[in-house]
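Enquirer: Sharing a structure with you now.
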Amino acid sequence: MDRWRAPDDFAAAIVGAGLGSPGAIIADGQVHRFQVEGDKSGTRNGWFSLHLDGVAAGAFGSWKSGEVHTWCSVARDQLTADQRADLRRVVERAKAERQAADAARHAAGAAVATALWTRATPADPAHPYLIAKAIGAHGVRQHGPRLVIPVTIDGALSSLQTIDPERTPPKRFLKGGRIAGGWYLIETAVTRPEVLLCEGFATGATLHEQTGARTYCAFAAGNLLAVARAVRTRHPSEAVIVCADHDAWTPGNPGVTKGREAALAIGAKLLVPDFTGLDLSGKPTDYNDWYRLRAMAGRGVA
């Protein structure tokens, strides 16, 4: 292949992988970033690295999805051992840069979270969200009209979730803070040994209030597995129960799918709310919905 064609062919490979156009290709062997097609405006999760020394070769991918692709101007089976090693180094350099960028972003996010948490005050028990969900505050705070819920990893504050019923969407996380593997633990009044794991704060508050069990809130279905592993490490001998959301209204039912994955990974039990015979007009999904609907139907909490 002519060396002058290599950048264009490399860019075409990036487009062909579904990452969109990377713009001008700089073939200096360094890692360069670009916006991936479909990502939010202003984000630069895409990366590429191309060198033209010897055989033109490079790598590219998305830091958001984790995908990595390699490209070479000749067939891979024609590469020498040194050339294959060069490709591996490109990929490792990109991974190292991603890790450094993540660490810096998470540190900045944690600092913002700490400052906001310090300024926040204990949540008003009459906050509209707490009233609507029929739950107590359980240690969360309030900043203006927003509830502020800490996200912690190994005891350290990593981010915050805010809930403001007047905003759309009402639930948001601070920009930059680390969420993956983070949780909020509710143990206001523990009266039994089992440990519960669920998604949202309202669900966790309801479960704790109704059962007396220590309850971890993972915030999202996709975070259940990571938090489940951390919970098992923290509670190696206790019975753990994953209380999944029943996302029957969402294709693939991610609440049950991810809940089952988390339970299987740590040898936990799985519980899923059964809404049979209850009012489905509001498309209920979680145990907070389940308890409130049963109460309104005069059926108790079972």
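Naming works like this for the structure tokens: A, B, ... for the chains as they're shown, residue 1 at the start of each chain, ligands 1 onward in shown order.
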Please produce, as a tab-separated table, a per-residue contact table for range 133-237 of chain A versus range 274-296 of chain A (criterion: any atom at most 7 Å away, only C-alpha atoms considered), showing the nearest atom pair and its distance in Å to one decimal, sorted by chain then residue number.
Expert:
```
residue	atom	partner	partner_atom	distance
A:Ala202	CA	A:Asn288	CA	6.3
A:Thr203	CA	A:Asn288	CA	4.7
A:Thr206	CA	A:Asn288	CA	5.7
```
Enquirer: Could you write out the selected residues, including all heavy atoms, as a PDB file, in the first residue's frame?
Expert:
```pdb
ATOM      1  N   ALA A 202     -34.940   5.074  46.923  1.00  0.00           N
ATOM      2  CA  ALA A 202     -36.287   4.897  47.461  1.00  0.00           C
ATOM      3  C   ALA A 202     -36.584   3.419  47.691  1.00  0.00           C
ATOM      4  O   ALA A 202     -37.183   3.047  48.707  1.00  0.00           O
ATOM      5  CB  ALA A 202     -37.323   5.504  46.520  1.00  0.00           C
ATOM      6  N   THR A 203     -36.150   2.571  46.762  1.00  0.00           N
ATOM      7  CA  THR A 203     -36.341   1.132  46.926  1.00  0.00           C
ATOM      8  C   THR A 203     -35.593   0.638  48.161  1.00  0.00           C
ATOM      9  O   THR A 203     -36.128  -0.126  48.973  1.00  0.00           O
ATOM     10  CB  THR A 203     -35.841   0.370  45.684  1.00  0.00           C
ATOM     11  OG1 THR A 203     -36.528   0.860  44.531  1.00  0.00           O
ATOM     12  CG2 THR A 203     -36.083  -1.120  45.822  1.00  0.00           C
ATOM     13  N   THR A 206     -37.278   1.753  51.424  1.00  0.00           N
ATOM     14  CA  THR A 206     -38.474   0.954  51.704  1.00  0.00           C
ATOM     15  C   THR A 206     -38.106  -0.432  52.207  1.00  0.00           C
ATOM     16  O   THR A 206     -38.675  -0.933  53.184  1.00  0.00           O
ATOM     17  CB  THR A 206     -39.341   0.837  50.438  1.00  0.00           C
ATOM     18  OG1 THR A 206     -39.799   2.134  50.050  1.00  0.00           O
ATOM     19  CG2 THR A 206     -40.547  -0.053  50.685  1.00  0.00           C
TER      20      THR A 206
END
```
Enquirer: Please build the interface table for range 171-229 of chain A against range 245-255 of chain A with a cut-off of 9 Å, listing for each qualifying residue the nearest atom pair and the distance in Å to one decimal; count only C-alpha atoms, order rows by chain and increasing number, and write it as a tab-separated table.
Expert:
```
residue	atom	partner	partner_atom	distance
A:Cys198	CA	A:Asp245	CA	7.6
A:Glu199	CA	A:Asp245	CA	7.3
A:Thr203	CA	A:Asp245	CA	8.9
A:Ala220	CA	A:Gly255	CA	8.4
A:Ala221	CA	A:Gly255	CA	5.5
A:Gly222	CA	A:Pro254	CA	8.1
```
Enquirer: Please measure the separation of CA of Ala189 in chain A and CA of Ala110 in chain A, giving the value in Å to one decimal.
Expert: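 Interatomic distance here is 28.1 Å.
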Enquirer: Write out as a ChimeraX atom specification all residues of range 116-268 of chain A that backbone DSSP assigns to strand (DSSP E or B).
Expert: /A:121-122,141-143,146-153,156-163,171-173,183-186,195-198,214-217,240-243
Enquirer: Sort by chain and increasing residue number a table of all residues of range 27-46 of chain A within 6 Å of range 51-63 of chain A, each with its closest pair of atoms and their distance in Å to one decimal, counting only C-alpha atoms, and write it as JSON lines.
Expert:
```
{"residue": "A:Ala27", "atom": "CA", "partner": "A:His51", "partner_atom": "CA", "distance": 5.0}
{"residue": "A:Asp28", "atom": "CA", "partner": "A:His51", "partner_atom": "CA", "distance": 5.5}
{"residue": "A:Gly29", "atom": "CA", "partner": "A:His51", "partner_atom": "CA", "distance": 4.5}
{"residue": "A:Asn45", "atom": "CA", "partner": "A:Trp63", "partner_atom": "CA", "distance": 5.1}
{"residue": "A:Gly46", "atom": "CA", "partner": "A:Ser62", "partner_atom": "CA", "distance": 4.4}
```
Enquirer: Smallest atom-to-atom distance to Trp71 in chain A: which of A:Ile153, A:Leu19, A:Ala6, A:Ala107, using only C-alpha atoms?
Expert: A:Ala6
